[in-house]
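Trainee: One file: my_file.cif (mmCIF, C-alpha atoms).
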data_upload
#
loop_
_atom_site.group_PDB
_atom_site.id
_atom_site.type_symbol
_atom_site.label_atom_id
_atom_site.label_comp_id
_atom_site.auth_asym_id
_atom_site.auth_seq_id
_atom_site.Cartn_x
_atom_site.Cartn_y
_atom_site.Cartn_z
ATOM 1 C CA MET A 1 47.501 125.901 38.732
ATOM 2 C CA GLU A 2 49.988 125.760 35.865
ATOM 3 C CA HIS A 3 50.109 122.531 33.888
ATOM 4 C CA LYS A 4 53.738 121.956 34.750
ATOM 5 C CA ILE A 5 52.925 122.117 38.466
ATOM 6 C CA PHE A 6 49.929 119.866 37.898
ATOM 7 C CA LEU A 7 52.225 117.307 36.214
ATOM 8 C CA ARG A 8 54.705 117.481 39.048
ATOM 9 C CA LEU A 9 52.004 116.717 41.602
ATOM 10 C CA LEU A 10 50.410 113.752 39.807
ATOM 11 C CA SER A 11 52.272 111.020 41.674
ATOM 12 C CA ASP A 12 51.860 112.681 45.055
ATOM 13 C CA PHE A 13 48.121 112.940 44.459
ATOM 14 C CA ILE A 14 47.792 109.317 43.345
ATOM 15 C CA ASP A 15 49.868 108.124 46.304
ATOM 16 C CA ASP A 16 47.742 110.247 48.616
ATOM 17 C CA GLU A 17 50.722 112.315 49.716
ATOM 18 C CA LEU A 18 49.450 115.831 48.941
ATOM 19 C CA ASP A 19 48.422 118.090 51.769
ATOM 20 C CA PHE A 20 44.788 119.118 52.004
ATOM 21 C CA ASP A 21 45.011 122.534 50.300
ATOM 22 C CA LEU A 22 47.111 121.356 47.375
ATOM 23 C CA SER A 23 44.924 118.315 46.982
ATOM 24 C CA ASP A 24 41.877 120.560 46.754
ATOM 25 C CA GLU A 25 43.558 122.747 44.161
ATOM 26 C CA PHE A 26 44.656 119.675 42.223
ATOM 27 C CA GLU A 27 41.104 118.332 42.142
ATOM 28 C CA ARG A 28 39.827 121.640 40.784
ATOM 29 C CA GLU A 29 42.376 121.330 37.984
ATOM 30 C CA LEU A 30 40.809 118.009 37.000
ATOM 31 C CA GLU A 31 37.802 119.943 35.702
ATOM 32 C CA ASP A 32 40.053 120.941 32.801
ATOM 33 C CA ASP A 33 39.597 118.308 30.055
ATOM 34 C CA LEU A 34 43.274 118.058 29.143
ATOM 35 C CA CYS A 35 44.349 117.646 32.747
ATOM 36 C CA CYS A 36 41.594 115.125 33.376
ATOM 37 C CA CYS A 37 42.610 113.004 30.368
ATOM 38 C CA PHE A 38 46.243 113.131 31.374
ATOM 39 C CA PHE A 39 45.386 112.237 34.958
ATOM 40 C CA ASN A 40 43.166 109.282 33.929
ATOM 41 C CA THR A 41 45.799 107.764 31.671
ATOM 42 C CA PHE A 42 48.555 108.348 34.235
ATOM 43 C CA LYS A 43 46.473 106.686 36.951
ATOM 44 C CA LYS A 44 45.590 103.802 34.632
ATOM 45 C CA THR A 45 49.296 103.255 33.891
ATOM 46 C CA VAL A 46 50.019 102.903 37.604
ATOM 47 C CA GLU A 47 47.022 100.569 38.036
ATOM 48 C CA LEU A 48 48.264 98.363 35.191
ATOM 49 C CA CYS A 49 51.665 98.106 36.874
ATOM 50 C CA HIS A 50 49.943 97.007 40.091
ATOM 51 C CA GLN A 51 48.147 94.311 38.104
ATOM 52 C CA ILE A 52 51.286 92.659 36.723
ATOM 53 C CA GLU A 53 50.945 89.069 37.865
ATOM 54 C CA MET A 54 53.505 87.317 40.037
ATOM 55 C CA GLN A 55 55.065 84.249 38.477
ATOM 56 C CA GLU A 56 55.835 81.121 40.451
ATOM 57 C CA VAL A 57 59.438 80.044 40.979
ATOM 58 C CA PRO A 58 60.120 76.922 38.871
ATOM 59 C CA GLU A 59 60.269 73.902 41.190
ATOM 60 C CA ILE A 60 63.527 72.687 39.623
ATOM 61 C CA LEU A 61 65.156 76.041 40.425
ATOM 62 C CA HIS A 62 63.885 75.954 44.019
ATOM 63 C CA TYR A 63 65.461 72.543 44.626
ATOM 64 C CA ARG A 64 68.657 73.520 42.805
ATOM 65 C CA ILE A 65 69.048 76.428 45.225
ATOM 66 C CA ILE A 66 68.427 74.198 48.255
ATOM 67 C CA ARG A 67 71.009 71.657 47.023
ATOM 68 C CA THR A 68 73.571 74.430 46.496
ATOM 69 C CA ILE A 69 72.950 75.818 49.981
ATOM 70 C CA GLU A 70 73.409 72.390 51.566
ATOM 71 C CA THR A 71 76.875 72.074 50.087
ATOM 72 C CA THR A 72 78.017 75.653 50.638
ATOM 73 C CA PRO A 73 79.722 76.693 53.883
ATOM 74 C CA GLN A 74 78.724 79.931 55.595
ATOM 75 C CA LYS A 75 81.134 82.806 56.033
ATOM 76 C CA LYS A 76 82.198 84.135 59.411
ATOM 77 C CA PRO A 77 80.375 87.304 60.454
ATOM 78 C CA ALA A 78 81.976 90.468 59.128
ATOM 79 C CA LEU A 79 83.886 92.383 61.755
ATOM 80 C CA LYS A 80 82.965 96.001 62.293
ATOM 81 C CA THR A 81 85.774 98.174 60.976
ATOM 82 C CA VAL A 82 87.020 100.658 63.500
ATOM 83 C CA LYS A 83 88.577 103.769 62.042
ATOM 84 C CA ARG A 84 91.818 104.804 63.637
ATOM 85 C CA ILE A 85 91.801 108.364 64.794
ATOM 86 C CA LYS A 86 95.020 110.217 64.174
ATOM 87 C CA LYS A 87 96.229 112.109 67.162
ATOM 88 C CA MET B 88 60.269 90.874 61.469
ATOM 89 C CA GLY B 89 57.797 88.312 62.799
ATOM 90 C CA ILE B 90 58.806 85.946 65.604
ATOM 91 C CA THR B 91 58.772 82.915 63.291
ATOM 92 C CA GLU B 92 61.024 84.661 60.811
ATOM 93 C CA GLN B 93 63.350 85.818 63.571
ATOM 94 C CA ILE B 94 63.690 82.252 64.855
ATOM 95 C CA LEU B 95 64.356 80.996 61.329
ATOM 96 C CA VAL B 96 67.036 83.643 60.839
ATOM 97 C CA GLU B 97 68.713 82.702 64.134
ATOM 98 C CA LYS B 98 68.643 79.005 63.247
ATOM 99 C CA SER B 99 70.042 79.766 59.803
ATOM 100 C CA GLN B 100 72.828 81.766 61.408
ATOM 101 C CA ASN B 101 73.697 78.566 63.294
ATOM 102 C CA GLY B 102 73.968 76.658 60.030
ATOM 103 C CA ASP B 103 70.466 75.110 59.900
ATOM 104 C CA THR B 104 69.757 74.601 56.198
ATOM 105 C CA ARG B 105 66.148 73.501 56.861
ATOM 106 C CA ALA B 106 65.413 76.830 58.554
ATOM 107 C CA PHE B 107 66.979 78.679 55.643
ATOM 108 C CA GLU B 108 64.830 76.687 53.250
ATOM 109 C CA GLN B 109 61.775 78.041 55.072
ATOM 110 C CA LEU B 110 63.109 81.573 54.620
ATOM 111 C CA ILE B 111 63.596 80.876 50.925
ATOM 112 C CA LYS B 112 59.995 79.682 50.655
ATOM 113 C CA MET B 113 58.783 82.862 52.378
ATOM 114 C CA HIS B 114 60.566 85.256 50.029
ATOM 115 C CA GLU B 115 61.475 83.528 46.764
ATOM 116 C CA VAL B 116 58.372 84.486 44.753
ATOM 117 C CA LYS B 117 58.700 88.215 45.388
ATOM 118 C CA ILE B 118 62.464 88.243 44.829
ATOM 119 C CA TYR B 119 62.099 86.123 41.678
ATOM 120 C CA ASN B 120 59.521 88.502 40.229
ATOM 121 C CA LEU B 121 61.651 91.514 41.079
ATOM 122 C CA LEU B 122 64.532 89.884 39.192
ATOM 123 C CA LEU B 123 62.296 88.889 36.282
ATOM 124 C CA ASN B 124 61.114 92.467 35.906
ATOM 125 C CA MET B 125 64.585 93.920 36.350
ATOM 126 C CA THR B 126 66.215 91.655 33.784
ATOM 127 C CA GLY B 127 63.285 90.940 31.454
ATOM 128 C CA ASN B 128 64.886 87.525 31.022
ATOM 129 C CA LYS B 129 63.848 84.235 32.661
ATOM 130 C CA THR B 130 67.277 82.578 32.578
ATOM 131 C CA ALA B 131 69.018 85.657 33.978
ATOM 132 C CA ALA B 132 66.365 85.976 36.710
ATOM 133 C CA GLU B 133 66.900 82.328 37.686
ATOM 134 C CA ASP B 134 70.673 82.797 37.899
ATOM 135 C CA PHE B 135 70.283 85.947 39.984
ATOM 136 C CA LEU B 136 67.793 84.248 42.304
ATOM 137 C CA GLN B 137 70.282 81.469 42.980
ATOM 138 C CA GLU B 138 73.071 84.010 43.471
ATOM 139 C CA THR B 139 70.898 86.040 45.869
ATOM 140 C CA PHE B 140 70.052 83.136 48.176
ATOM 141 C CA LEU B 141 73.548 81.720 48.011
ATOM 142 C CA ASN B 142 74.973 85.120 49.006
ATOM 143 C CA ALA B 143 72.378 85.485 51.754
ATOM 144 C CA TRP B 144 73.221 82.012 53.119
ATOM 145 C CA GLN B 145 76.935 82.736 53.130
ATOM 146 C CA LYS B 146 76.551 86.146 54.766
ATOM 147 C CA ILE B 147 73.649 85.495 57.109
ATOM 148 C CA LYS B 148 75.896 85.492 60.179
ATOM 149 C CA SER B 149 76.574 89.160 59.394
ATOM 150 C CA PHE B 150 72.867 90.019 59.388
ATOM 151 C CA ARG B 151 72.380 91.947 62.617
ATOM 152 C CA GLY B 152 68.664 92.600 62.362
ATOM 153 C CA ASN B 153 69.071 96.355 61.934
ATOM 154 C CA SER B 154 66.644 96.139 59.040
ATOM 155 C CA GLU B 155 63.878 93.751 58.063
ATOM 156 C CA PHE B 156 65.237 90.456 56.757
ATOM 157 C CA SER B 157 63.269 90.993 53.534
ATOM 158 C CA THR B 158 64.877 94.438 53.055
ATOM 159 C CA TRP B 159 68.296 92.829 53.465
ATOM 160 C CA LEU B 160 67.421 90.132 50.917
ATOM 161 C CA TYR B 161 66.030 92.632 48.409
ATOM 162 C CA ARG B 162 69.215 94.671 48.719
ATOM 163 C CA ILE B 163 71.336 91.602 47.929
ATOM 164 C CA ALA B 164 69.158 90.848 44.885
ATOM 165 C CA VAL B 165 69.162 94.409 43.532
ATOM 166 C CA ASN B 166 72.916 94.765 44.087
ATOM 167 C CA ALA B 167 73.587 91.481 42.266
ATOM 168 C CA VAL B 168 71.844 92.799 39.147
ATOM 169 C CA LEU B 169 73.353 96.273 39.352
ATOM 170 C CA MET B 170 76.886 94.946 39.868
ATOM 171 C CA LYS B 171 76.622 92.741 36.802
ATOM 172 C CA ARG B 172 75.235 95.614 34.746
ATOM 173 C CA ARG B 173 78.095 97.865 35.847
ATOM 174 C CA LYS B 174 80.628 95.225 34.847
ATOM 175 C CA LYS B 175 79.063 94.928 31.431
ATOM 176 C CA LYS B 176 78.919 98.720 31.202
ATOM 177 C CA VAL B 177 75.690 98.672 29.304
ATOM 178 C CA LEU B 178 75.201 102.172 28.052
ATOM 179 C CA ARG B 179 71.628 102.560 27.037
ATOM 180 C CA THR B 180 70.373 106.057 26.673
ATOM 181 C CA VAL B 181 66.657 106.517 26.795
ATOM 182 C CA SER B 182 65.340 110.010 27.157
ATOM 183 C CA MET B 183 63.293 110.389 30.302
ATOM 184 C CA ASP B 184 62.160 113.849 29.354
ATOM 185 C CA ALA B 185 58.890 113.277 27.604
ATOM 186 C CA PRO B 186 57.882 116.424 25.714
ATOM 187 C CA ILE B 187 54.645 116.807 27.616
ATOM 188 C CA ILE B 188 54.650 120.555 28.106
ATOM 189 C CA THR B 189 54.331 123.033 25.247
ATOM 190 C CA THR B 190 56.375 126.228 25.118
ATOM 191 C CA LYS B 191 53.357 127.996 26.605
ATOM 192 C CA GLY B 192 53.611 125.713 29.623
ATOM 193 C CA GLU B 193 50.513 123.697 28.753
ATOM 194 C CA ILE B 194 49.986 119.986 28.371
ATOM 195 C CA ASN B 195 50.558 118.978 24.787
ATOM 196 C CA ARG B 196 47.242 118.126 23.140
ATOM 197 C CA ASP B 197 48.771 115.104 21.374
ATOM 198 C CA PHE B 198 49.131 113.463 24.726
ATOM 199 C CA ALA B 199 45.608 114.062 25.820
ATOM 200 C CA ASP B 200 43.681 111.128 24.344
ATOM 201 C CA ASP B 201 41.960 109.372 27.192
ATOM 202 C CA TRP B 202 42.492 105.662 26.642
ATOM 203 C CA SER B 203 42.014 104.795 30.305
ATOM 204 C CA LYS B 204 38.441 103.631 29.814
ATOM 205 C CA SER B 205 39.114 101.700 26.622
ATOM 206 C CA PRO B 206 38.039 98.041 26.948
ATOM 207 C CA THR B 207 41.487 97.080 25.682
ATOM 208 C CA ALA B 208 43.230 98.929 28.530
ATOM 209 C CA THR B 209 43.658 95.741 30.519
ATOM 210 C CA LEU B 210 46.488 93.270 30.994
ATOM 211 C CA GLU B 211 44.233 90.578 29.540
ATOM 212 C CA ASN B 212 45.129 92.344 26.308
ATOM 213 C CA THR B 213 48.382 90.474 25.605
ATOM 214 C CA GLU B 214 49.599 93.149 23.224
ATOM 215 C CA LEU B 215 49.284 95.818 25.884
ATOM 216 C CA LYS B 216 50.835 93.551 28.495
ATOM 217 C CA ASN B 217 53.854 93.034 26.235
ATOM 218 C CA LYS B 218 54.029 96.754 25.525
ATOM 219 C CA LEU B 219 54.079 97.505 29.249
ATOM 220 C CA ASN B 220 56.770 94.900 29.949
ATOM 221 C CA LYS B 221 58.837 96.233 27.059
ATOM 222 C CA ALA B 222 58.458 99.800 28.328
ATOM 223 C CA ILE B 223 59.589 98.755 31.817
ATOM 224 C CA GLU B 224 62.573 97.014 30.255
ATOM 225 C CA LEU B 225 63.483 100.213 28.406
ATOM 226 C CA LEU B 226 63.638 102.270 31.592
ATOM 227 C CA PRO B 227 67.123 103.205 32.751
ATOM 228 C CA GLU B 228 68.133 101.007 35.686
ATOM 229 C CA LYS B 229 67.704 103.541 38.493
ATOM 230 C CA TYR B 230 64.165 104.376 37.433
ATOM 231 C CA LYS B 231 63.245 100.786 36.672
ATOM 232 C CA THR B 232 64.240 99.451 40.095
ATOM 233 C CA VAL B 233 62.201 102.072 41.942
ATOM 234 C CA LEU B 234 59.145 101.530 39.737
ATOM 235 C CA ILE B 235 59.235 97.739 40.107
ATOM 236 C CA LEU B 236 59.630 97.844 43.878
ATOM 237 C CA HIS B 237 56.934 100.494 44.333
ATOM 238 C CA ASP B 238 54.318 99.851 41.670
ATOM 239 C CA VAL B 239 54.804 96.196 40.797
ATOM 240 C CA GLU B 240 55.833 94.758 44.171
ATOM 241 C CA ASN B 241 53.610 97.254 45.994
ATOM 242 C CA MET B 242 56.139 98.571 48.501
ATOM 243 C CA ASN B 243 55.847 102.017 49.990
ATOM 244 C CA SER B 244 58.418 104.738 49.336
ATOM 245 C CA GLU B 245 60.069 104.274 52.737
ATOM 246 C CA GLU B 246 60.664 100.568 52.088
ATOM 247 C CA VAL B 247 62.127 101.341 48.660
ATOM 248 C CA GLN B 248 64.344 103.974 50.232
ATOM 249 C CA LYS B 249 65.728 101.439 52.733
ATOM 250 C CA ILE B 250 66.468 98.850 50.051
ATOM 251 C CA LEU B 251 68.156 101.228 47.634
ATOM 252 C CA LYS B 252 69.726 103.466 50.285
ATOM 253 C CA ILE B 253 68.718 106.643 48.504
ATOM 254 C CA SER B 254 66.826 109.665 49.797
ATOM 255 C CA LEU B 255 63.026 109.764 49.894
ATOM 256 C CA PRO B 256 62.858 112.689 47.418
ATOM 257 C CA SER B 257 65.009 110.620 45.024
ATOM 258 C CA VAL B 258 62.628 107.663 45.328
ATOM 259 C CA LYS B 259 59.649 109.909 44.609
ATOM 260 C CA SER B 260 61.252 111.749 41.730
ATOM 261 C CA ARG B 261 62.499 108.554 40.027
ATOM 262 C CA LEU B 262 59.121 106.905 40.493
ATOM 263 C CA HIS B 263 57.295 109.873 39.017
ATOM 264 C CA ARG B 264 59.543 110.074 35.960
ATOM 265 C CA ALA B 265 59.297 106.331 35.395
ATOM 266 C CA ARG B 266 55.496 106.522 35.523
ATOM 267 C CA LEU B 267 55.444 109.422 33.050
ATOM 268 C CA PHE B 268 57.702 107.439 30.733
ATOM 269 C CA LEU B 269 55.460 104.362 30.866
ATOM 270 C CA ARG B 270 52.326 106.442 30.349
ATOM 271 C CA GLU B 271 53.879 107.967 27.267
ATOM 272 C CA LYS B 272 54.751 104.524 25.858
ATOM 273 C CA LEU B 273 51.249 103.190 26.511
ATOM 274 C CA SER B 274 49.718 106.319 24.960
ATOM 275 C CA GLY B 275 51.849 105.615 21.902
ATOM 276 C CA TYR B 276 50.369 102.135 21.754
ATOM 277 C CA PHE B 277 46.796 103.470 21.883
ATOM 278 C CA ARG B 278 47.533 106.208 19.340
ATOM 279 C CA GLY B 279 48.677 103.476 16.961
ATOM 280 C CA HIS B 280 45.354 101.654 17.263
#
For the structure just supplied, provide its representation as structure tokens.
Mentor:
Amino acid sequence: MEHKIFLRLLSDFIDDELDFDLSDEFERELEDDLCCCFFNTFKKTVELCHQIEMQEVPEILHYRIIRTIETTPQKKPALKTVKRIKK
Amino acid sequence: MGITEQILVEKSQNGDTRAFEQLIKMHEVKIYNLLLNMTGNKTAAEDFLQETFLNAWQKIKSFRGNSEFSTWLYRIAVNAVLMKRRKKKVLRTVSMDAPIITTKGEINRDFADDWSKSPTATLENTELKNKLNKAIELLPEKYKTVLILHDVENMNSEEVQKILKISLPSVKSRLHRARLFLREKLSGYFRGH
């Protein structure tokens, strides 16, 4: 497998979206040191993104939003636009 | 959409602010974090969160349930940020074409250091955490949004596709390029150490 194809398939492999044959071929490519290093650091990058912690909404903001909602009227539902067909 | 959520949506559509408050509680953390990551700014994220729920409250009678309520909310939030960015016409050009491949079609050796098993390759390392956040911030908007929804908020490609109303191949291609970009930035950090 050429390196440029290997690079193109990285995300699909990580997301488990490669079909069986390609996946097999991709795994064989991981025996190559360069590919393996690239794969490990790519995978680690994605893992780090998954680990970004969620932050809590500040309580003051939460109540500010509620207060705004309570004093804001709702809009009427949007009407579906019907296109006129020219005869 | 779960039954509880569906009931809350229906009550909200009839003007019940208490029901809408429950919907806010169910979704505010995820939407807030999406906005934090998209803007990289706490004050801006807070303003956009307020704008998102205010918009959702005003338009909820138009929500027909054709999509998940959360998808609808996410779309309002993402559009709020994108609209503001378009108005400001922020032109930031960051090259997304990392020179990974040599002319011979091989992976460039410079990029091959394996830092993945380094003990500092963790978000407990504040420097790395900041580097990652900075790199996400640098991503052009269309790549950033896909990456945040998929890899930070852990949505699947189909969910991202529904929120952004783009094709599945576009989701996958933007995600892949964003990941390559981030990997390059993190590699730069480790090369410097």
Trainee: Residues of chain A within 10 Å of chain B, counting all atoms listed in the file - could you list those as a PDB file with C-alpha atoms, keeping the file's coordinate frame?
Mentor:
ATOM      1  CA  GLU A   2      49.988 125.760  35.865  1.00  0.00           C
ATOM      2  CA  HIS A   3      50.109 122.531  33.888  1.00  0.00           C
ATOM      3  CA  LYS A   4      53.738 121.956  34.750  1.00  0.00           C
ATOM      4  CA  ILE A   5      52.925 122.117  38.466  1.00  0.00           C
ATOM      5  CA  PHE A   6      49.929 119.866  37.898  1.00  0.00           C
ATOM      6  CA  LEU A   7      52.225 117.307  36.214  1.00  0.00           C
ATOM      7  CA  ARG A   8      54.705 117.481  39.048  1.00  0.00           C
ATOM      8  CA  LEU A   9      52.004 116.717  41.602  1.00  0.00           C
ATOM      9  CA  LEU A  10      50.410 113.752  39.807  1.00  0.00           C
ATOM     10  CA  SER A  11      52.272 111.020  41.674  1.00  0.00           C
ATOM     11  CA  ASP A  12      51.860 112.681  45.055  1.00  0.00           C
ATOM     12  CA  ASP A  15      49.868 108.124  46.304  1.00  0.00           C
ATOM     13  CA  ASP A  33      39.597 118.308  30.055  1.00  0.00           C
ATOM     14  CA  LEU A  34      43.274 118.058  29.143  1.00  0.00           C
ATOM     15  CA  CYS A  35      44.349 117.646  32.747  1.00  0.00           C
ATOM     16  CA  CYS A  36      41.594 115.125  33.376  1.00  0.00           C
ATOM     17  CA  CYS A  37      42.610 113.004  30.368  1.00  0.00           C
ATOM     18  CA  PHE A  38      46.243 113.131  31.374  1.00  0.00           C
ATOM     19  CA  PHE A  39      45.386 112.237  34.958  1.00  0.00           C
ATOM     20  CA  ASN A  40      43.166 109.282  33.929  1.00  0.00           C
ATOM     21  CA  THR A  41      45.799 107.764  31.671  1.00  0.00           C
ATOM     22  CA  PHE A  42      48.555 108.348  34.235  1.00  0.00           C
ATOM     23  CA  LYS A  43      46.473 106.686  36.951  1.00  0.00           C
ATOM     24  CA  LYS A  44      45.590 103.802  34.632  1.00  0.00           C
ATOM     25  CA  THR A  45      49.296 103.255  33.891  1.00  0.00           C
ATOM     26  CA  VAL A  46      50.019 102.903  37.604  1.00  0.00           C
ATOM     27  CA  GLU A  47      47.022 100.569  38.036  1.00  0.00           C
ATOM     28  CA  LEU A  48      48.264  98.363  35.191  1.00  0.00           C
ATOM     29  CA  CYS A  49      51.665  98.106  36.874  1.00  0.00           C
ATOM     30  CA  HIS A  50      49.943  97.007  40.091  1.00  0.00           C
ATOM     31  CA  GLN A  51      48.147  94.311  38.104  1.00  0.00           C
ATOM     32  CA  ILE A  52      51.286  92.659  36.723  1.00  0.00           C
ATOM     33  CA  GLU A  53      50.945  89.069  37.865  1.00  0.00           C
ATOM     34  CA  MET A  54      53.505  87.317  40.037  1.00  0.00           C
ATOM     35  CA  GLN A  55      55.065  84.249  38.477  1.00  0.00           C
ATOM     36  CA  GLU A  56      55.835  81.121  40.451  1.00  0.00           C
ATOM     37  CA  VAL A  57      59.438  80.044  40.979  1.00  0.00           C
ATOM     38  CA  PRO A  58      60.120  76.922  38.871  1.00  0.00           C
ATOM     39  CA  LEU A  61      65.156  76.041  40.425  1.00  0.00           C
ATOM     40  CA  HIS A  62      63.885  75.954  44.019  1.00  0.00           C
ATOM     41  CA  TYR A  63      65.461  72.543  44.626  1.00  0.00           C
ATOM     42  CA  ARG A  64      68.657  73.520  42.805  1.00  0.00           C
ATOM     43  CA  ILE A  65      69.048  76.428  45.225  1.00  0.00           C
ATOM     44  CA  ILE A  66      68.427  74.198  48.255  1.00  0.00           C
ATOM     45  CA  ARG A  67      71.009  71.657  47.023  1.00  0.00           C
ATOM     46  CA  THR A  68      73.571  74.430  46.496  1.00  0.00           C
ATOM     47  CA  ILE A  69      72.950  75.818  49.981  1.00  0.00           C
ATOM     48  CA  GLU A  70      73.409  72.390  51.566  1.00  0.00           C
ATOM     49  CA  THR A  71      76.875  72.074  50.087  1.00  0.00           C
ATOM     50  CA  THR A  72      78.017  75.653  50.638  1.00  0.00           C
ATOM     51  CA  PRO A  73      79.722  76.693  53.883  1.00  0.00           C
ATOM     52  CA  GLN A  74      78.724  79.931  55.595  1.00  0.00           C
ATOM     53  CA  LYS A  75      81.134  82.806  56.033  1.00  0.00           C
ATOM     54  CA  LYS A  76      82.198  84.135  59.411  1.00  0.00           C
ATOM     55  CA  PRO A  77      80.375  87.304  60.454  1.00  0.00           C
ATOM     56  CA  ALA A  78      81.976  90.468  59.128  1.00  0.00           C
ATOM     57  CA  LEU A  79      83.886  92.383  61.755  1.00  0.00           C
ATOM     58  CA  LYS A  80      82.965  96.001  62.293  1.00  0.00           C
TER      59      LYS A  80
END
Trainee: Could you jot down the CA of Val168 (chain B) to CA of Ala106 (chain B) separation for me, Å, one decimal place?
Mentor: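 Calculated distance between CA of Val168 (chain B) and CA of Ala106 (chain B) is 25.9 Å.
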Trainee: To test the calculation: enclose all listed atoms of region 66-77 of chain A in a box whose edges run along x, y and z, add 5 Å on each side, then state centre and edge lengths in Å to one decimal, as lines of an AutoDock Vina configuration file.
Mentor:
center_x = 75.3
center_y = 79.5
center_z = 53.5
size_x = 23.8
size_y = 25.6
size_z = 24.0
Trainee: Can you translate the PyMOL selection byres ((chain B and resi 92) around 12) into the concrete residues it hits in this file, as a list in words?
Mentor: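 Residues picked by the PyMOL selection byres ((chain B and resi 92) around 12): Met88, Gly89, Ile90, Thr91, Gln93, Ile94, Leu95, Val96, Glu97, Lys98, Ser99, Ala106, Phe107, Glu108, Gln109, Leu110, Ile111, Lys112, Met113, His114, Gly152, Glu155, Phe156 and Ser157 of chain B.
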Trainee: Do you have the CA of Ser254 (chain B)-CA of Leu169 (chain B) distance handy?
Mentor: 18.2 Å
Trainee: Closest to Gly275 (chain B) among B:Met170, B:Ala222, B:Ala131, B:Val247, using all atoms listed in the file?
Mentor: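 Of B:Met170, B:Ala222, B:Ala131, B:Val247, the one nearest Gly275 (chain B), counting all atoms listed in the file, is B:Ala222.
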Trainee: Record the distance separating CA of Arg173 (chain B) and CA of Leu225 (chain B), expressed in Å with one decimal.
Mentor: 16.6 Å
Trainee: At a cut-off of 9 Å around the point (64.2, 103.1, 47.9) (file coordinates), what residues fall inside when counting only C-alpha atoms? I'd like the answer as a CSV table (one decimal) with C-alpha atoms, in the frame of the given file.
Mentor:
chain,number,residue,atom,x,y,z
B,232,THR,CA,64.2,99.5,40.1
B,233,VAL,CA,62.2,102.1,41.9
B,236,LEU,CA,59.6,97.8,43.9
B,237,HIS,CA,56.9,100.5,44.3
B,243,ASN,CA,55.8,102.0,50.0
B,244,SER,CA,58.4,104.7,49.3
B,245,GLU,CA,60.1,104.3,52.7
B,246,GLU,CA,60.7,100.6,52.1
B,247,VAL,CA,62.1,101.3,48.7
B,248,GLN,CA,64.3,104.0,50.2
B,249,LYS,CA,65.7,101.4,52.7
B,250,ILE,CA,66.5,98.8,50.1
B,251,LEU,CA,68.2,101.2,47.6
B,252,LYS,CA,69.7,103.5,50.3
B,253,ILE,CA,68.7,106.6,48.5
B,254,SER,CA,66.8,109.7,49.8
B,255,LEU,CA,63.0,109.8,49.9
B,257,SER,CA,65.0,110.6,45.0
B,258,VAL,CA,62.6,107.7,45.3
B,259,LYS,CA,59.6,109.9,44.6
